[in-house]
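Just below is one structure, and these are the notes that go with it.
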Amino acid sequence: MAKRVRTRTVVALALGAAAVWAARDLPAQMGAKARGARRARMEASPQFSGGKFRNTVPATEVAAASMPRLFVAAMTDRDARRPHLPVPVVTPPSAPADGLHVTWYGHSSALVEIEGHRVLLDPVWSDRCSPSRLTGPRRLHEPPVPLRELPPLDAIVISHDHYDHLDMVSIQTLVDLQAAPFLVPLGVGAHLERWGVPESRIVELDWDESHKVGTLELTATAARHFSGRGFNRDETLWASWVLKGPTRRAFYSGDTGYFPGFAEIGEEHGPFDVTLVQVGAYGDAWPDIHMVPEDGVSVHVDVRGGLMIPVHWATFNLALHDWSEPADRTWREAKARGVRLSIPRPGERVDVDNPPPVDGWWQQIA
């Protein structure tokens with residue numbers, strides 16, 4: 001009898017704790033809607049129409065009729081969508097930010113060191129890319145380095161507000177650990193402000209707007225995607241990013257479908273010494289918002305890139321393709337088109353001027 005009472009008490013306490021967490025954290029995870037001057041800037045944007053942001057080339061949405069088929073597919077062949085051996089994670093070295101180096105931490109999180117400046121892209125250090133700590137896509141490898149061990153940053157750049165690119169806990173941790181400004185597309189600043197980021201550290205940009213940090217110029221550029229952390233879509237902007245130093249340049253695609261705007265970015269801002277391009281989490285049901293690897297290579301060519309580093313793969317299972325497929329297809333297409341390519345292990349620091357040869361490391365664990 002006493003044992004049964006204790007069990008019920010433990011269960012009740014656990015349910016109570018879960019309810020408190022859900023009531024407090026879940027609404028916070030959703031972020032906030034832009035108001036006042038922030039809202040006015042959004043409504044003045046050429047990308048904003050009818051209460052939402054729009055792509056220059058419309059993107060089709062996942063049809064409701066296809067959802068049952070996608071659910072069934074997600075429940076089958078699950079073993080192929082994760083590596084069979086641990087992902088090799090490298091501890092990045094401590095080094096000056098001279099020259100041009102890229103450290104890929106997994107998925108789309110990366111550190112770009114460019115001519116004395118350090119820029120952190122889309123930091124996601126949480127165990128899940130989800131509003132819940134209990135469910136949602138879980139990491140397939142640990143972060144190569146704790147957030148507290150990152151070097152001093154000059155800027156933190158966010159491409160859009162999806163959970164696998166904008167992580168509330170990582171943002172709140174970085175606010176305390178770093179002094180760098182957060183550069184975000186229009187509307188995303190409302191999320192950050194709710195999470196405790198001081199207004200003075202939030203820089204919101206529309207496409208083709210720039211902000212300087214020292215001698216580094218960061219420009220938000222077009223992408224073909226969507227946004228949203230809850231049930232409402234496209235109330236904040238999404239972007240690709242140009243990082244332009246005195247002599248070196250880097251490009252980050254963010255999440256995107258392929259469209260002609262990348263050639264325009266290349267004409268205006270290129271050539272680039274290095275590109276970080278989305279190549280994973282694609283599917284036939286959403287062809288316009290995530291590129292297949294071959295399109296990723298085309299983006300690299302369009303923007304006139306030098307070295308290509310594929311991102312948005314390996315860390316979270318977000319689609320139906322095999323885990324290793326994005327890297328395999330990117331490597332094959334890059335060889336066919338004569339594109340210089342680096343596919344680093346998570347945490348590996350790549351010297352853009354002297355990158356390591358592609359060695360197929362992922363094939364050994366797939």
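Here's how to read the names in the structure tokens: chain A, B, ... by the order shown, residue numbers from 1 in each chain, ligand numbers from 1 in the order shown.
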
- Query: Tell me, which residues of region 234-306 of chain A carry DSSP alpha helix (DSSP H), written as a VMD selection string?
  - Reply: chain A and resid 261 to 269 293 to 302

- Could you name the residues that touch region 159-166 of chain A at 7 Å or less, counting only C-alpha atoms, but leaving out those on the same chain fewer than 6 positions away, as number ranges by chain? A: 122-124, 129-130, 184-185, 188, 227-229, 237-240, 254

With only C-alpha atoms counted and 8 Å as the cut-off, give the residues of region 316-360 of chain A in contact with region 75-96 of chain A, each with its shortest interatomic distance in Å and the pair that gives it, as JSON lines.
```
{"residue": "A:Asn317", "atom": "CA", "partner": "A:Arg81", "partner_atom": "CA", "distance": 6.6}
{"residue": "A:Leu320", "atom": "CA", "partner": "A:Arg81", "partner_atom": "CA", "distance": 7.0}
{"residue": "A:His321", "atom": "CA", "partner": "A:Arg81", "partner_atom": "CA", "distance": 6.5}
{"residue": "A:Asp322", "atom": "CA", "partner": "A:Arg81", "partner_atom": "CA", "distance": 4.5}
{"residue": "A:Trp323", "atom": "CA", "partner": "A:Arg81", "partner_atom": "CA", "distance": 4.4}
{"residue": "A:Ser324", "atom": "CA", "partner": "A:Pro83", "partner_atom": "CA", "distance": 7.7}
{"residue": "A:Arg345", "atom": "CA", "partner": "A:Val89", "partner_atom": "CA", "distance": 6.2}
{"residue": "A:Pro346", "atom": "CA", "partner": "A:Val89", "partner_atom": "CA", "distance": 5.1}
{"residue": "A:Gly347", "atom": "CA", "partner": "A:Val90", "partner_atom": "CA", "distance": 4.6}
{"residue": "A:Glu348", "atom": "CA", "partner": "A:Val90", "partner_atom": "CA", "distance": 5.5}
{"residue": "A:Arg349", "atom": "CA", "partner": "A:Pro92", "partner_atom": "CA", "distance": 6.0}
```

- Task: State, in Å with one decimal place, the distance from CA of Val112 (chain A) to CA of Val203 (chain A).
- Result: 18.7 Å

- Determine, counting only C-alpha atoms, which protein, DNA and RNA residues have an atom within 12 Å of an atom of Arg329 (chain A); residues of the same chain fewer than 5 positions away are not included. Present the result as a PyMOL selection string. chain A and resi 279-280+291-297+310+321-324+334-336+343+360+363

Please list as a PDB file with all heavy atoms, in the first residue's frame every residue within 7 Å of Ser170 (chain A), counting only C-alpha atoms and excluding residues in the same chain fewer than 2 positions away.
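Saved the output as result.pdb:
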```pdb
ATOM      1  N   PRO A 123      23.498  29.261 -34.465  1.00  0.00           N
ATOM      2  CA  PRO A 123      23.943  28.369 -33.380  1.00  0.00           C
ATOM      3  C   PRO A 123      22.802  27.552 -32.776  1.00  0.00           C
ATOM      4  O   PRO A 123      21.849  28.109 -32.227  1.00  0.00           O
ATOM      5  CB  PRO A 123      24.517  29.344 -32.348  1.00  0.00           C
ATOM      6  CG  PRO A 123      23.803  30.640 -32.599  1.00  0.00           C
ATOM      7  CD  PRO A 123      23.557  30.687 -34.072  1.00  0.00           C
ATOM      8  N   VAL A 124      22.895  26.241 -32.886  1.00  0.00           N
ATOM      9  CA  VAL A 124      21.928  25.326 -32.280  1.00  0.00           C
ATOM     10  C   VAL A 124      22.717  24.287 -31.499  1.00  0.00           C
ATOM     11  O   VAL A 124      23.324  23.386 -32.076  1.00  0.00           O
ATOM     12  CB  VAL A 124      21.037  24.646 -33.342  1.00  0.00           C
ATOM     13  CG1 VAL A 124      20.107  23.625 -32.684  1.00  0.00           C
ATOM     14  CG2 VAL A 124      20.220  25.686 -34.102  1.00  0.00           C
ATOM     15  N   TRP A 125      22.713  24.433 -30.174  1.00  0.00           N
ATOM     16  CA  TRP A 125      23.466  23.532 -29.300  1.00  0.00           C
ATOM     17  C   TRP A 125      22.545  22.617 -28.491  1.00  0.00           C
ATOM     18  O   TRP A 125      23.022  21.722 -27.818  1.00  0.00           O
ATOM     19  CB  TRP A 125      24.351  24.352 -28.362  1.00  0.00           C
ATOM     20  CG  TRP A 125      25.792  24.395 -28.760  1.00  0.00           C
ATOM     21  CD1 TRP A 125      26.833  23.805 -28.085  1.00  0.00           C
ATOM     22  CD2 TRP A 125      26.386  25.066 -29.873  1.00  0.00           C
ATOM     23  NE1 TRP A 125      28.018  24.068 -28.722  1.00  0.00           N
ATOM     24  CE2 TRP A 125      27.773  24.846 -29.823  1.00  0.00           C
ATOM     25  CE3 TRP A 125      25.866  25.829 -30.926  1.00  0.00           C
ATOM     26  CZ2 TRP A 125      28.653  25.351 -30.776  1.00  0.00           C
ATOM     27  CZ3 TRP A 125      26.738  26.349 -31.872  1.00  0.00           C
ATOM     28  CH2 TRP A 125      28.114  26.109 -31.798  1.00  0.00           C
ATOM     29  N   SER A 126      21.250  22.822 -28.558  1.00  0.00           N
ATOM     30  CA  SER A 126      20.331  22.006 -27.759  1.00  0.00           C
ATOM     31  C   SER A 126      20.284  20.569 -28.270  1.00  0.00           C
ATOM     32  O   SER A 126      20.658  20.275 -29.413  1.00  0.00           O
ATOM     33  CB  SER A 126      18.923  22.609 -27.797  1.00  0.00           C
ATOM     34  OG  SER A 126      18.877  23.796 -27.038  1.00  0.00           O
ATOM     35  N   ASP A 167      17.671  28.658 -31.907  1.00  0.00           N
ATOM     36  CA  ASP A 167      17.488  27.852 -30.713  1.00  0.00           C
ATOM     37  C   ASP A 167      17.459  28.762 -29.489  1.00  0.00           C
ATOM     38  O   ASP A 167      18.449  29.419 -29.167  1.00  0.00           O
ATOM     39  CB  ASP A 167      18.630  26.843 -30.622  1.00  0.00           C
ATOM     40  CG  ASP A 167      18.580  26.020 -29.357  1.00  0.00           C
ATOM     41  OD1 ASP A 167      17.465  25.644 -28.947  1.00  0.00           O
ATOM     42  OD2 ASP A 167      19.650  25.755 -28.776  1.00  0.00           O
ATOM     43  N   MET A 168      16.325  28.799 -28.819  1.00  0.00           N
ATOM     44  CA  MET A 168      16.131  29.726 -27.710  1.00  0.00           C
ATOM     45  C   MET A 168      17.207  29.574 -26.631  1.00  0.00           C
ATOM     46  O   MET A 168      17.796  30.558 -26.176  1.00  0.00           O
ATOM     47  CB  MET A 168      14.753  29.514 -27.085  1.00  0.00           C
ATOM     48  CG  MET A 168      14.448  30.464 -25.922  1.00  0.00           C
ATOM     49  SD  MET A 168      12.847  30.141 -25.123  1.00  0.00           S
ATOM     50  CE  MET A 168      13.243  28.668 -24.158  1.00  0.00           C
ATOM     51  N   GLN A 172      19.948  32.367 -25.410  1.00  0.00           N
ATOM     52  CA  GLN A 172      19.992  32.877 -24.041  1.00  0.00           C
ATOM     53  C   GLN A 172      21.366  32.647 -23.408  1.00  0.00           C
ATOM     54  O   GLN A 172      21.850  33.485 -22.636  1.00  0.00           O
ATOM     55  CB  GLN A 172      18.901  32.205 -23.211  1.00  0.00           C
ATOM     56  CG  GLN A 172      17.501  32.634 -23.615  1.00  0.00           C
ATOM     57  CD  GLN A 172      16.412  31.849 -22.902  1.00  0.00           C
ATOM     58  OE1 GLN A 172      16.601  30.674 -22.563  1.00  0.00           O
ATOM     59  NE2 GLN A 172      15.280  32.484 -22.660  1.00  0.00           N
ATOM     60  N   THR A 173      21.996  31.539 -23.747  1.00  0.00           N
ATOM     61  CA  THR A 173      23.335  31.273 -23.223  1.00  0.00           C
ATOM     62  C   THR A 173      24.353  32.235 -23.833  1.00  0.00           C
ATOM     63  O   THR A 173      25.222  32.771 -23.130  1.00  0.00           O
ATOM     64  CB  THR A 173      23.740  29.816 -23.523  1.00  0.00           C
ATOM     65  OG1 THR A 173      22.775  28.929 -22.965  1.00  0.00           O
ATOM     66  CG2 THR A 173      25.108  29.504 -22.939  1.00  0.00           C
ATOM     67  N   LEU A 174      24.249  32.474 -25.125  1.00  0.00           N
ATOM     68  CA  LEU A 174      25.196  33.357 -25.799  1.00  0.00           C
ATOM     69  C   LEU A 174      25.054  34.805 -25.336  1.00  0.00           C
ATOM     70  O   LEU A 174      26.032  35.556 -25.337  1.00  0.00           O
ATOM     71  CB  LEU A 174      25.008  33.264 -27.315  1.00  0.00           C
ATOM     72  CG  LEU A 174      25.546  31.983 -27.963  1.00  0.00           C
ATOM     73  CD1 LEU A 174      25.016  31.837 -29.378  1.00  0.00           C
ATOM     74  CD2 LEU A 174      27.064  31.969 -27.942  1.00  0.00           C
TER      75      LEU A 174
END
```

- Message: Please report the interatomic distance between CA of His191 (chain A) and CA of Arg41 (chain A) in Å with one decimal.
- Response: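 According to the coordinates, CA of His191 (chain A) and CA of Arg41 (chain A) are separated by 15.6 Å.
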
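Going from CA of Ser132 (chain A) to CA of Val169 (chain A) covers 11.5 Å.
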
- Message: If we count only C-alpha atoms and set the cut-off at 6 Å, which residues sit around Ile202 (chain A), ignoring sequence neighbours fewer than 3 positions away in its own chain? Please answer as a list of chain:residue names.
- Response: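 With the cut-off at 6 Å, the set is A:Pro181, A:Phe182, A:Glu199.
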
- Task: Find the spatial neighbours of Phe259 (chain A), counting only C-alpha atoms, within a cut-off of 12 Å - ignore same-chain residues fewer than 5 positions away - and output them as a PyMOL selection string.
- Result: chain A and resi 55-59+222-225+253+264-265+287-291+295-296+298-299+302-303
